[in-house]
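Chemist: Data: model_23.txt, compact mmCIF, C-alpha atoms.
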```txt
# COMPACT_ATOMS: atom_id res chain seq x y z
CA MET A 1 166.12 126.27 119.83
CA GLY A 2 163.20 126.73 122.30
CA GLY A 3 165.58 128.00 125.00
CA THR A 4 167.09 130.50 122.59
CA PHE A 5 163.61 131.79 121.66
CA LYS A 6 162.60 132.14 125.31
CA GLY A 7 165.81 134.04 126.03
CA PHE A 8 165.13 136.33 123.08
CA LYS A 9 161.62 137.07 124.42
CA ARG A 10 163.04 137.89 127.81
CA TRP A 11 165.36 140.44 126.17
CA ILE A 12 162.41 141.94 124.30
CA PHE A 13 160.37 142.26 127.50
CA ALA A 14 163.35 143.71 129.33
CA GLY A 15 163.87 146.24 126.55
CA LEU A 16 160.21 147.22 126.57
CA ALA A 17 160.25 147.57 130.35
CA LEU A 18 163.36 149.76 130.15
CA PHE A 19 161.80 151.90 127.41
CA LEU A 20 158.59 152.31 129.44
CA ALA A 21 160.57 153.25 132.54
CA LEU A 22 162.55 155.85 130.60
CA PHE A 23 159.37 157.20 129.03
CA LEU A 24 157.60 157.53 132.39
CA THR A 25 160.67 159.15 133.94
CA ALA A 26 160.89 161.69 131.14
CA ALA A 27 157.15 162.36 131.38
CA PHE A 28 157.53 163.00 135.12
CA VAL A 29 160.57 165.23 134.75
CA PHE A 30 159.04 167.31 131.95
CA ARG A 31 155.41 167.08 133.13
CA TYR A 32 155.12 170.83 133.72
CA ASP A 33 156.44 171.59 130.23
CA ILE A 34 154.05 169.05 128.70
CA LEU A 35 151.02 170.37 130.57
CA SER A 36 152.02 173.99 129.89
CA ASN A 37 152.39 173.29 126.18
CA ALA A 38 148.85 171.93 126.11
CA LEU A 39 147.59 175.35 127.22
CA ASP A 40 149.51 177.27 124.52
CA PRO A 41 147.08 178.86 122.00
CA LYS A 42 149.79 178.41 119.34
CA VAL A 43 148.70 181.53 117.44
CA PRO A 44 150.31 185.00 117.56
CA PHE A 45 148.34 187.46 119.66
CA LEU A 46 148.38 189.94 116.75
CA THR A 47 146.22 187.58 114.66
CA TYR A 48 144.14 186.34 117.58
CA ARG A 49 140.42 187.18 117.75
CA PRO A 50 139.46 187.72 121.42
CA PRO A 51 136.06 186.81 122.88
CA PRO A 52 133.23 189.38 122.74
CA ALA A 53 133.61 192.39 125.01
CA PRO A 54 131.52 192.54 128.19
CA ASP A 55 128.74 195.11 128.50
CA TYR A 56 129.05 196.53 132.01
CA GLY A 57 125.60 198.03 131.73
CA LYS A 58 124.26 194.47 132.09
CA PRO A 59 124.25 192.55 135.41
CA SER A 60 125.55 189.45 133.59
CA SER A 61 128.91 191.20 133.13
CA TRP A 62 129.38 191.37 136.90
CA ALA A 63 130.20 188.44 139.15
CA LEU A 64 128.93 190.48 142.11
CA LEU A 65 126.63 193.47 142.41
CA PRO A 66 125.28 194.60 145.79
CA GLY A 67 121.69 193.92 146.72
CA ALA A 68 119.21 195.84 148.82
CA ALA A 69 120.61 194.36 152.05
CA HIS A 70 123.87 196.27 151.46
CA ALA A 71 122.27 199.61 150.56
CA ASN A 72 123.24 201.32 153.82
CA GLN A 73 126.91 200.35 153.81
CA PRO A 74 128.96 203.57 153.57
CA VAL A 75 131.94 202.09 151.66
CA ASP A 76 132.27 200.32 148.30
CA VAL A 77 134.65 197.53 147.33
CA PHE A 78 135.83 197.15 143.73
CA PHE A 79 137.06 193.55 143.47
CA LEU A 80 139.25 192.20 140.64
CA HIS A 81 139.43 188.43 140.59
CA PRO A 82 142.57 186.35 139.92
CA THR A 83 143.25 183.96 137.03
CA THR A 84 140.55 181.31 136.69
CA PHE A 85 140.90 180.45 132.97
CA ASP A 86 143.51 177.82 132.07
CA GLY A 87 143.98 178.51 128.36
CA GLY A 88 144.07 176.33 125.27
CA ARG A 89 142.78 177.94 122.09
CA ASP A 90 142.43 181.40 123.66
CA TRP A 91 144.91 183.89 125.05
CA ASN A 92 142.06 185.58 126.93
CA GLY A 93 139.06 183.85 128.42
CA GLY A 94 135.51 184.93 127.66
CA ILE A 95 133.41 186.03 130.61
CA ASP A 96 131.07 183.08 130.01
CA GLN A 97 133.77 180.36 129.96
CA PRO A 98 132.07 177.63 132.08
CA LYS A 99 135.03 176.06 133.90
CA ALA A 100 136.59 179.42 134.70
CA GLN A 101 133.31 180.78 136.03
CA ARG A 102 132.82 177.72 138.24
CA PHE A 103 136.26 178.28 139.79
CA LEU A 104 135.41 181.96 140.24
CA SER A 105 132.08 181.34 141.98
CA ARG A 106 133.12 178.26 143.96
CA VAL A 107 136.67 179.18 145.06
CA VAL A 108 137.57 182.81 144.44
CA ILE A 109 134.46 184.73 145.47
CA PRO A 110 133.93 182.92 148.82
CA ASN A 111 137.60 182.99 149.85
CA TYR A 112 138.84 186.33 148.56
CA ALA A 113 135.82 188.61 148.12
CA GLY A 114 134.17 187.11 151.20
CA PRO A 115 136.31 189.02 153.75
CA PHE A 116 134.98 192.30 152.34
CA ASP A 117 131.28 191.41 152.35
CA ARG A 118 130.80 192.99 155.79
CA VAL A 119 133.00 195.96 154.92
CA GLY A 120 131.08 197.47 152.03
CA ARG A 121 129.09 197.01 148.84
CA VAL A 122 131.08 194.64 146.63
CA PHE A 123 131.35 195.17 142.86
CA ALA A 124 133.20 192.41 141.01
CA PRO A 125 133.36 192.73 137.21
CA ARG A 126 133.90 189.79 134.91
CA TYR A 127 136.65 190.58 132.42
CA ARG A 128 138.45 188.92 129.54
CA GLN A 129 141.29 187.72 131.72
CA ALA A 130 144.64 186.55 130.45
CA SER A 131 144.90 182.76 130.65
CA LEU A 132 146.92 180.79 133.17
CA TYR A 133 149.34 180.00 130.33
CA THR A 134 150.34 183.68 130.13
CA TYR A 135 151.78 183.30 133.65
CA LEU A 136 153.83 180.25 132.65
CA THR A 137 155.76 181.96 129.85
CA LEU A 138 157.55 185.27 129.33
CA ARG A 139 156.66 185.51 125.62
CA ASP A 140 155.54 188.87 124.23
CA ASP A 141 152.21 187.31 123.19
CA ALA A 142 151.49 186.55 126.86
CA ARG A 143 152.31 190.12 127.86
CA ASP A 144 149.99 191.40 125.12
CA ALA A 145 147.17 189.24 126.51
CA ARG A 146 147.68 190.65 130.00
CA ARG A 147 147.70 194.22 128.67
CA PHE A 148 144.51 193.47 126.77
CA ALA A 149 142.74 192.41 129.98
CA TYR A 150 143.39 195.83 131.48
CA GLY A 151 141.09 197.47 128.93
CA ASP A 152 138.09 195.64 130.39
CA VAL A 153 139.12 196.44 133.97
CA ARG A 154 139.49 200.15 133.21
CA LEU A 155 136.07 200.25 131.53
CA ALA A 156 134.46 198.35 134.41
CA PHE A 157 135.91 200.81 136.95
CA LYS A 158 134.66 203.80 134.97
CA THR A 159 131.23 202.17 134.76
CA TYR A 160 131.24 201.62 138.51
CA LEU A 161 132.11 205.27 139.11
CA SER A 162 129.44 206.64 136.78
CA ARG A 163 126.59 204.25 137.65
CA TYR A 164 127.17 203.32 141.28
CA GLY A 165 130.01 205.36 142.84
CA GLU A 166 128.05 208.43 143.95
CA ALA A 167 131.21 210.06 145.36
CA ARG A 168 131.46 207.31 148.00
CA PRO A 169 134.65 206.09 149.70
CA PHE A 170 135.92 202.89 148.08
CA ILE A 171 138.39 200.05 148.53
CA ILE A 172 140.26 198.40 145.66
CA VAL A 173 140.90 194.66 146.03
CA GLY A 174 142.88 192.75 143.42
CA VAL A 175 144.07 189.17 143.69
CA GLU A 176 147.04 187.83 141.66
CA GLN A 177 146.22 188.83 138.03
CA GLY A 178 143.55 191.12 139.42
CA GLY A 179 146.15 192.65 141.74
CA SER A 180 148.50 193.38 138.85
CA LEU A 181 145.70 195.05 136.92
CA ALA A 182 144.64 196.97 140.03
CA ALA A 183 148.20 198.31 140.39
CA ARG A 184 147.94 199.88 136.94
CA LEU A 185 144.45 201.17 137.72
CA LEU A 186 145.80 202.87 140.85
CA ARG A 187 148.59 204.54 138.90
CA GLU A 188 146.58 205.67 135.89
CA GLU A 189 143.09 206.42 137.19
CA ILE A 190 143.28 207.05 140.94
CA ALA A 191 146.67 208.58 141.75
CA THR A 192 146.13 211.21 139.02
CA ASP A 193 142.61 212.20 140.15
CA PRO A 194 142.48 214.25 143.39
CA ASP A 195 138.86 213.32 144.09
CA LEU A 196 139.38 209.57 143.64
CA LYS A 197 142.62 209.72 145.60
CA ARG A 198 140.78 211.41 148.47
CA ARG A 199 138.05 208.75 148.45
CA LEU A 200 140.42 205.76 148.40
CA VAL A 201 140.19 203.92 151.73
CA ALA A 202 142.93 201.44 150.79
CA ALA A 203 144.02 199.07 148.06
CA TYR A 204 144.68 195.41 148.84
CA LEU A 205 146.87 193.73 146.20
CA ILE A 206 146.68 190.13 147.39
CA GLU A 207 149.25 187.58 146.18
CA THR A 208 150.63 190.33 143.97
CA VAL A 209 154.25 191.29 143.35
CA ALA A 210 154.44 195.10 143.36
CA PRO A 211 157.73 197.06 143.41
CA ALA A 212 158.22 198.60 146.86
CA ASP A 213 159.99 201.66 145.40
CA GLU A 214 156.72 202.77 143.75
CA TYR A 215 154.93 203.04 147.11
CA GLY A 216 157.38 205.02 149.23
CA PRO A 217 156.30 207.64 151.82
CA LYS A 218 156.31 210.42 149.19
CA ALA A 219 154.43 208.44 146.54
CA ALA A 220 151.01 209.61 145.38
CA ILE A 221 149.59 206.47 147.00
CA PRO A 222 152.07 205.15 149.61
CA ALA A 223 152.28 201.75 151.27
CA CYS A 224 150.10 201.03 154.32
CA GLU A 225 152.70 201.11 157.07
CA HIS A 226 150.39 201.00 160.08
CA LYS A 227 146.89 199.90 161.06
CA GLY A 228 144.08 202.35 160.40
CA GLU A 229 145.87 204.36 157.70
CA THR A 230 143.86 205.31 154.64
CA GLY A 231 144.71 206.19 151.05
CA CYS A 232 147.42 203.54 150.98
CA VAL A 233 148.41 200.22 149.37
CA ALA A 234 148.72 196.85 151.10
CA ALA A 235 150.45 194.42 148.73
CA TRP A 236 152.10 191.07 149.32
CA ALA A 237 153.01 187.79 147.67
CA SER A 238 153.37 184.82 150.02
CA ALA A 239 155.49 181.70 150.05
CA GLN A 240 155.57 179.02 152.67
CA GLU A 241 158.77 178.69 154.67
CA GLY A 242 161.07 176.21 152.95
CA ASP A 243 159.39 176.55 149.53
CA PHE A 244 162.35 177.86 147.56
CA ARG A 245 160.81 177.05 144.15
CA ALA A 246 157.95 179.46 144.82
CA VAL A 247 160.37 182.15 145.93
CA GLN A 248 162.40 181.79 142.73
CA GLU A 249 159.26 182.03 140.58
CA LEU A 250 157.92 185.05 142.44
CA THR A 251 161.13 187.05 142.31
CA GLY A 252 162.59 185.76 139.05
CA ARG A 253 159.57 185.54 136.76
CA SER A 254 157.23 188.27 138.00
CA LEU A 255 156.26 191.01 135.56
CA VAL A 256 155.36 194.52 136.71
CA TRP A 257 154.14 197.65 134.93
CA ASP A 258 156.75 200.22 133.94
CA GLY A 259 156.22 203.94 133.29
CA ALA A 260 155.06 203.25 129.74
CA ASP A 261 152.55 200.67 130.96
CA GLN A 262 154.54 197.79 129.57
CA LEU A 263 155.11 194.58 131.51
CA VAL A 264 158.77 194.18 132.44
CA ASN A 265 160.71 191.86 134.70
CA LEU A 266 160.92 192.78 138.37
CA GLU A 267 164.66 192.07 138.16
CA HIS A 268 166.46 193.18 141.34
CA ARG A 269 163.76 195.48 142.71
CA ALA A 270 162.35 194.50 146.09
CA PRO A 271 158.63 193.67 146.22
CA LEU A 272 156.34 195.50 148.64
CA CYS A 273 155.49 193.28 151.61
CA PHE A 274 152.47 194.03 153.80
CA ASN A 275 151.96 191.63 156.71
CA PRO A 276 148.21 191.08 157.32
CA LEU A 277 148.91 189.89 160.87
CA LEU A 278 150.64 193.17 161.73
CA GLY A 279 148.52 195.51 159.62
CA GLY A 280 151.65 197.12 158.19
CA THR A 281 155.06 196.66 156.59
CA GLY A 282 157.03 195.78 159.74
CA LEU A 283 159.77 193.17 159.36
CA GLU A 284 159.26 191.43 162.70
CA ARG A 285 157.84 187.92 162.78
CA ALA A 286 154.14 187.91 163.63
CA PRO A 287 153.39 184.82 165.74
CA ALA A 288 150.45 182.55 164.97
CA LYS A 289 148.58 183.83 168.04
CA LEU A 290 147.95 187.06 166.07
CA ASN A 291 146.19 185.16 163.27
CA LEU A 292 142.54 186.13 163.80
CA GLY A 293 141.20 183.46 161.52
CA ALA A 294 142.01 181.49 158.41
CA ALA A 295 139.15 179.95 156.46
CA ASN A 296 138.39 177.44 153.75
CA ALA A 297 135.24 178.99 152.31
CA THR A 298 135.29 177.04 149.04
CA GLY A 299 131.80 176.07 147.95
CA LEU A 300 129.97 178.45 150.29
CA ASP A 301 127.20 180.65 148.96
CA TRP A 302 127.84 184.37 148.76
CA GLY A 303 127.16 185.95 152.13
CA ALA A 304 127.65 182.75 154.12
CA ARG A 305 130.22 183.18 156.88
CA PRO A 306 132.83 180.40 157.06
CA PRO A 307 134.03 178.88 160.34
CA PHE A 308 137.34 180.47 161.32
CA LEU A 309 140.48 178.53 162.16
CA GLN A 310 142.47 180.71 164.53
CA ARG A 311 146.24 180.78 165.16
CA GLN A 312 146.99 178.82 161.99
CA VAL A 313 150.10 180.56 160.66
CA SER A 314 152.86 182.92 161.62
CA ALA A 315 154.09 185.40 159.01
CA ARG A 316 157.18 187.49 158.40
CA CYS A 317 158.29 189.79 155.60
CA GLU A 318 161.64 188.55 154.30
CA ASN A 319 163.35 189.97 151.19
CA GLY A 320 160.06 191.41 150.03
CA LEU A 321 158.04 188.20 150.33
CA LEU A 322 155.61 187.17 153.03
CA ARG A 323 156.96 183.92 154.46
CA THR A 324 154.29 181.92 156.27
CA SER A 325 154.54 178.83 158.44
CA LYS A 326 152.79 175.61 157.44
CA PRO A 327 149.10 175.79 158.35
CA LYS A 328 148.10 173.52 161.20
CA SER A 329 144.79 172.42 159.65
CA SER A 330 144.63 169.99 156.72
CA ALA A 331 141.75 172.11 155.36
CA LEU A 332 144.35 174.75 154.47
CA ARG A 333 146.41 172.67 152.04
CA ASP A 334 146.68 172.75 148.25
CA SER A 335 144.38 170.42 146.31
CA GLY A 336 142.86 169.97 142.86
CA SER A 337 144.37 169.48 139.42
CA TRP A 338 147.82 170.62 138.32
CA ALA A 339 146.30 173.77 136.82
CA ASP A 340 144.25 174.49 139.95
CA ARG A 341 147.37 174.27 142.11
CA ARG A 342 149.01 176.91 139.91
CA LYS A 343 146.21 179.35 140.72
CA VAL A 344 145.46 181.04 144.05
CA ASP A 345 144.86 178.78 147.03
CA ALA A 346 141.35 177.43 147.59
CA PHE A 347 141.42 178.94 151.10
CA ASN A 348 142.43 182.22 152.72
CA LEU A 349 144.99 182.19 155.54
CA PHE A 350 144.13 185.79 156.47
CA TYR A 351 140.36 185.88 156.00
CA ALA A 352 139.45 187.40 159.39
CA ASP A 353 142.60 189.54 159.46
CA LEU A 354 141.69 191.21 156.17
CA GLU A 355 138.13 191.77 157.28
CA ALA A 356 139.27 193.44 160.51
CA ASP A 357 141.93 195.49 158.73
CA ALA A 358 139.51 196.80 156.09
CA LEU A 359 136.86 197.59 158.71
CA ALA A 360 139.36 199.61 160.74
CA ARG A 361 140.58 201.62 157.75
CA SER A 362 136.99 202.22 156.64
CA ALA A 363 136.07 203.46 160.13
CA THR A 364 138.97 205.92 159.97
CA MET A 365 137.85 207.15 156.56
CA ILE A 366 134.19 207.48 157.53
CA GLY A 367 135.09 209.31 160.73
CA ARG A 368 137.28 211.70 158.79
CA SER A 369 134.51 212.27 156.23
CA LEU A 370 131.99 213.04 158.96
CA ALA A 371 134.41 215.42 160.66
CA ALA A 372 134.94 217.26 157.36
CA ALA A 373 131.22 217.61 156.68
CA PRO A 374 129.68 221.03 157.45
CA ALA A 375 127.83 221.21 160.72
CA VAL A 376 124.05 221.12 160.50
CA PRO A 377 122.48 224.13 162.28
CA GLN A 378 120.43 223.14 165.29
CA GLY A 379 116.92 224.49 165.62
CA ARG A 380 116.05 226.72 168.57
```
Before we go any further, please render this structure as structure tokens.

Modeler:
Amino acid sequence: MGGTFKGFKRWIFAGLALFLALFLTAAFVFRYDILSNALDPKVPFLTYRPPPAPDYGKPSSWALLPGAAHANQPVDVFFLHPTTFDGGRDWNGGIDQPKAQRFLSRVVIPNYAGPFDRVGRVFAPRYRQASLYTYLTLRDDARDARRFAYGDVRLAFKTYLSRYGEARPFIIVGVEQGGSLAARLLREEIATDPDLKRRLVAAYLIETVAPADEYGPKAAIPACEHKGETGCVAAWASAQEGDFRAVQELTGRSLVWDGADQLVNLEHRAPLCFNPLLGGTGLERAPAKLNLGAANATGLDWGARPPFLQRQVSARCENGLLRTSKPKSSALRDSGSWADRRKVDAFNLFYADLEADALARSATMIGRSLAAAPAVPQGR
């Protein structure tokens, strides 16, 4: 009888072990779906009450405003940050959401606004961004949340123009979600205004899928094909060589603005690919020796210059995507939580390259502006 009972217990333990193994396997296989579901607001956007609107007349509604030390810089930079808010109860994150603002100040500002600190006065509005969840689903509610975010961006840009712009040359920088919103801003507000179009130094749409056919040579704002050009767009989305999952997500799930300002699938359109190592849209492979400096600036205070890691990656435009080699330094590798790894990298492979590129285009613009200015009569 005792032997039978012991055998029965062994079967129970074996069954429990098998159940646990199956449960853990299923949890691993469907972990992305489980984590994504946890970020779903689970309410229709039509009945959703968004956070309070920012007041761009107040400094608290800006992540960055230039100080006195930048007063003499002749160019401005309007910077739109990427997704920093994960989601949960809200489709759109409030500008005072603590975790999102920590990611913005600790990771995004040092790594992505940092390269432009020595280029011009940087203006970075906080806005009610669409959550990370809206980039993990193709539901109409998610598209509505991303369209909603544009309203804040448009208002922030108009506030910049009226309060700070002073008819100055400017650069637009948008990263990931910010790049998508900047693309619409370029189409609606800048390409249609001759004065703003004339003052545009360049637009950098970083880690942003933008249809190449919208930025052809005859477009109102064409692609930046060569170094030193002005009034053009430099857009790219990168994927490391051998990372086929990222390629599939970038080309298969990316949403872009159509003529009616709706978000639609990229489908079979080729993305625009600017190579920061070449300063243009050339298809040749840029070797790592051209990489002026990658940087992991995470945690640095605004204005602090990070140490550069030179010759870290090669880069080549392939099928509309910027394919990069694996960085040599372990400081340039993904880290953080699952949600953090779905956001932009906590480093910038092209930090020094972007700084040099923007400085060169600004110099061209400033030189052209000076040449166009009326001569001042000399006294006798």

Chemist: List every protein, DNA or RNA residue that has at least one atom no more than 7 Å from (132.2, 182.4, 148.0) in the file's coordinates, counting all atoms listed in the file, and write the result as JSON, numbers by chain.

Modeler: {"A": [105, 106, 107, 108, 109, 110, 111, 114, 297, 298, 299, 300, 301, 302]}

Chemist: Here is a test: counting only C-alpha atoms, which residue of A:Gly93, A:Pro59, A:Gly336, A:Gly303 is nearest to A:Ala130?

Modeler: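 Of the candidates, the smallest distance to A:Ala130 is held by A:Gly93.
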
Chemist: How many Å lie between atom CA of A:Gln97 and atom CA of A:Phe85, rounded to one decimal?

Modeler: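 Here the two named atoms are 7.7 Å from each other.
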
Chemist: Find the residues near stretch 150-166 of chain A: any atom within 6 Å, counting all atoms listed in the file, skip ones fewer than 2 places away on the same chain, and give them as a short mmCIF file (atom, residue, chain, number, x, y, z; two decimals) with C-alpha atoms, in the coordinates of the input.

Modeler:
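Okay, result.cif is ready:
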```cif
data_model
loop_
_atom_site.label_atom_id
_atom_site.label_comp_id
_atom_site.auth_asym_id
_atom_site.auth_seq_id
_atom_site.Cartn_x
_atom_site.Cartn_y
_atom_site.Cartn_z
CA TYR A 127 136.65 190.58 132.42
CA ARG A 147 147.70 194.22 128.67
CA PHE A 148 144.51 193.47 126.77
CA ARG A 168 131.46 207.31 148.00
CA LEU A 181 145.70 195.05 136.92
#
```

Chemist: Residues of stretch 98-159 of chain A within 12 Å of stretch 170-173 of chain A: nearest atom pair and distance (Å, one decimal) for each, counting all atoms listed in the file, sorted by chain and number, as JSON lines?

Modeler:
```
{"residue": "A:Ile109", "atom": "CA", "partner": "A:Val173", "partner_atom": "CA", "distance": 11.8}
{"residue": "A:Tyr112", "atom": "CA", "partner": "A:Val173", "partner_atom": "CA", "distance": 8.9}
{"residue": "A:Ala113", "atom": "CA", "partner": "A:Val173", "partner_atom": "CA", "distance": 8.2}
{"residue": "A:Gly114", "atom": "CA", "partner": "A:Val173", "partner_atom": "CA", "distance": 11.4}
{"residue": "A:Pro115", "atom": "CA", "partner": "A:Val173", "partner_atom": "CA", "distance": 10.6}
{"residue": "A:Phe116", "atom": "CA", "partner": "A:Val173", "partner_atom": "CA", "distance": 9.0}
{"residue": "A:Asp117", "atom": "CA", "partner": "A:Ile171", "partner_atom": "CA", "distance": 11.8}
{"residue": "A:Val119", "atom": "CA", "partner": "A:Ile171", "partner_atom": "CA", "distance": 9.3}
{"residue": "A:Gly120", "atom": "CA", "partner": "A:Phe170", "partner_atom": "CA", "distance": 8.3}
{"residue": "A:Arg121", "atom": "CA", "partner": "A:Phe170", "partner_atom": "CA", "distance": 9.0}
{"residue": "A:Val122", "atom": "CA", "partner": "A:Ile171", "partner_atom": "CA", "distance": 9.3}
{"residue": "A:Phe123", "atom": "CA", "partner": "A:Ile172", "partner_atom": "CA", "distance": 9.9}
{"residue": "A:Ala124", "atom": "CA", "partner": "A:Val173", "partner_atom": "CA", "distance": 9.5}
{"residue": "A:Pro125", "atom": "CA", "partner": "A:Val173", "partner_atom": "CA", "distance": 11.8}
{"residue": "A:Val153", "atom": "CA", "partner": "A:Ile172", "partner_atom": "CA", "distance": 11.9}
{"residue": "A:Phe157", "atom": "CA", "partner": "A:Ile172", "partner_atom": "CA", "distance": 10.0}
```

Chemist: Please list as a tab-separated table (two decimals) with C-alpha atoms, in the frame of the given file every residue within 12 Å of A:Pro307, counting only C-alpha atoms and excluding residues in the same chain fewer than 3 positions away.

Modeler:
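Wrote it out as selection.tsv, contents follow:
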```tsv
chain	number	residue	atom	x	y	z
A	111	ASN	CA	137.60	182.99	149.85
A	292	LEU	CA	142.54	186.13	163.80
A	293	GLY	CA	141.20	183.46	161.52
A	294	ALA	CA	142.01	181.49	158.41
A	295	ALA	CA	139.15	179.95	156.46
A	296	ASN	CA	138.39	177.44	153.75
A	297	ALA	CA	135.24	178.99	152.31
A	298	THR	CA	135.29	177.04	149.04
A	300	LEU	CA	129.97	178.45	150.29
A	304	ALA	CA	127.65	182.75	154.12
A	310	GLN	CA	142.47	180.71	164.53
A	331	ALA	CA	141.75	172.11	155.36
A	347	PHE	CA	141.42	178.94	151.10
A	348	ASN	CA	142.43	182.22	152.72
A	351	TYR	CA	140.36	185.88	156.00
A	352	ALA	CA	139.45	187.40	159.39
```

Chemist: Show which residues sit within 12 Å of A:Gly242, as a ChimeraX atom specification. Count all atoms listed in the file, and ignore same-chain residues fewer than 2 positions away.

Modeler: /A:238-240,244-248,323-326

Chemist: Name the residues within 8 Å of (143.0, 207.9, 157.7), counting all atoms listed in the file in the file's coordinates, and put them as a list in words.

Modeler: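 Residues satisfying the cut-off, written out: Val201, Gly228, Glu229, Thr230, Gly231, Arg361, Thr364, Met365 and Arg368 of chain A.
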
Chemist: Give me the residues within 12 Å of A:Ala260 as a PDB file with C-alpha atoms, in the coordinates of the input, counting only C-alpha atoms and dropping any in the same chain fewer than 2 places off.

Modeler:
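Printed below is result23.pdb as written:
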```pdb
ATOM      1  CA  ARG A 147     147.700 194.220 128.670  1.00  0.00           C
ATOM      2  CA  ARG A 184     147.940 199.880 136.940  1.00  0.00           C
ATOM      3  CA  ARG A 187     148.590 204.540 138.900  1.00  0.00           C
ATOM      4  CA  GLU A 188     146.580 205.670 135.890  1.00  0.00           C
ATOM      5  CA  VAL A 256     155.360 194.520 136.710  1.00  0.00           C
ATOM      6  CA  TRP A 257     154.140 197.650 134.930  1.00  0.00           C
ATOM      7  CA  ASP A 258     156.750 200.220 133.940  1.00  0.00           C
ATOM      8  CA  GLN A 262     154.540 197.790 129.570  1.00  0.00           C
ATOM      9  CA  LEU A 263     155.110 194.580 131.510  1.00  0.00           C
ATOM     10  CA  VAL A 264     158.770 194.180 132.440  1.00  0.00           C
TER      11      VAL A 264
END
```

Chemist: Restricting the calculation to only C-alpha atoms: of A:Leu354, A:Cys273, A:Leu250, A:Leu200, which residue gets closest to A:Asp76?

Modeler: A:Leu200

Chemist: Near stretch 203-211 of chain A, within 6 Å and counting all atoms listed in the file, which residues show up once chain neighbours fewer than 5 positions away are dropped, as a ChimeraX atom specification?

Modeler: /A:171-176,179,233-237,270-272

Chemist: Would you save the residues of that selection, restricted to C-alpha atoms, as a CSV table (one decimal), keeping the file's coordinate frame?

Modeler:
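The result, written out as result-v7.csv:
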```
chain,number,residue,atom,x,y,z
A,171,ILE,CA,138.4,200.0,148.5
A,172,ILE,CA,140.3,198.4,145.7
A,173,VAL,CA,140.9,194.7,146.0
A,174,GLY,CA,142.9,192.8,143.4
A,175,VAL,CA,144.1,189.2,143.7
A,176,GLU,CA,147.0,187.8,141.7
A,179,GLY,CA,146.2,192.6,141.7
A,233,VAL,CA,148.4,200.2,149.4
A,234,ALA,CA,148.7,196.8,151.1
A,235,ALA,CA,150.4,194.4,148.7
A,236,TRP,CA,152.1,191.1,149.3
A,237,ALA,CA,153.0,187.8,147.7
A,270,ALA,CA,162.4,194.5,146.1
A,271,PRO,CA,158.6,193.7,146.2
A,272,LEU,CA,156.3,195.5,148.6
```

Chemist: At what distance in Å, to one decimal, does atom CA of A:Pro74 lie from atom CA of A:Ala202?

Modeler: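 So the two atoms, atom CA of A:Ala202 and atom CA of A:Pro74, lie 14.4 Å apart.
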
Chemist: Pull the closest atom pair for each residue of stretch 292-378 of chain A that gets at most 12 Å from stretch 134-139 of chain A, along with the distance in Å to one decimal, counting all atoms listed in the file, ordering rows by chain and then ascending residue number, as a tab-separated table.

Modeler:
```
residue	atom	partner	partner_atom	distance
A:Ala339	CA	A:Leu136	CA	10.8
A:Arg342	CA	A:Leu136	CA	9.3
A:Lys343	CA	A:Tyr135	CA	9.8
```

Chemist: Work out how far atom CA of A:Thr84 is from atom CA of A:Phe103, in Å to one decimal.

Modeler: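 Here the two named atoms are 6.1 Å from each other.
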
Chemist: Pick the closest to A:Ala167 from A:Ala63, A:Ala223, A:Ile95, A:Val75: which is it, counting all atoms listed in the file?

Modeler: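 That would be A:Val75, the residue with the smallest distance to A:Ala167.
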
Chemist: Around all of stretch 182-191 of chain A's listed atoms, make the axis-aligned box with 3 Å on each side and tell me centre and edge lengths in Å to one decimal, as lines of an AutoDock Vina configuration file.

Modeler:
```
center_x = 145.8
center_y = 202.8
center_z = 138.8
size_x = 11.5
size_y = 17.6
size_z = 11.9
```

Chemist: Measuring atom to atom with only C-alpha atoms, identify which of A:Arg333, A:Lys197, A:Arg146, A:Arg118 is nearest to A:Ala356.

Modeler: A:Arg118

Chemist: Kindly complete stretch 246-251 of chain A to N, CA, C and O atoms; the output should be written as a PDB file, in the coordinates of the input.

Modeler:
```
ATOM      1  N   ALA A 246     158.907 178.370 144.912  1.00  0.00           N
ATOM      2  CA  ALA A 246     157.950 179.460 144.820  1.00  0.00           C
ATOM      3  C   ALA A 246     158.636 180.810 144.920  1.00  0.00           C
ATOM      4  O   ALA A 246     158.284 181.759 144.210  1.00  0.00           O
ATOM      5  N   VAL A 247     159.632 180.899 145.787  1.00  0.00           N
ATOM      6  CA  VAL A 247     160.370 182.150 145.930  1.00  0.00           C
ATOM      7  C   VAL A 247     161.059 182.515 144.628  1.00  0.00           C
ATOM      8  O   VAL A 247     161.030 183.663 144.179  1.00  0.00           O
ATOM      9  N   GLN A 248     161.700 181.534 143.988  1.00  0.00           N
ATOM     10  CA  GLN A 248     162.400 181.790 142.730  1.00  0.00           C
ATOM     11  C   GLN A 248     161.418 182.250 141.655  1.00  0.00           C
ATOM     12  O   GLN A 248     161.717 183.166 140.879  1.00  0.00           O
ATOM     13  N   GLU A 249     160.242 181.638 141.584  1.00  0.00           N
ATOM     14  CA  GLU A 249     159.260 182.030 140.580  1.00  0.00           C
ATOM     15  C   GLU A 249     158.736 183.441 140.850  1.00  0.00           C
ATOM     16  O   GLU A 249     158.572 184.246 139.932  1.00  0.00           O
ATOM     17  N   LEU A 250     158.477 183.745 142.115  1.00  0.00           N
ATOM     18  CA  LEU A 250     157.920 185.050 142.440  1.00  0.00           C
ATOM     19  C   LEU A 250     158.890 186.181 142.164  1.00  0.00           C
ATOM     20  O   LEU A 250     158.507 187.247 141.677  1.00  0.00           O
ATOM     21  N   THR A 251     160.154 185.976 142.488  1.00  0.00           N
ATOM     22  CA  THR A 251     161.130 187.050 142.310  1.00  0.00           C
ATOM     23  C   THR A 251     161.786 187.032 140.933  1.00  0.00           C
ATOM     24  O   THR A 251     162.199 188.077 140.433  1.00  0.00           O
TER      25      THR A 251
END
```
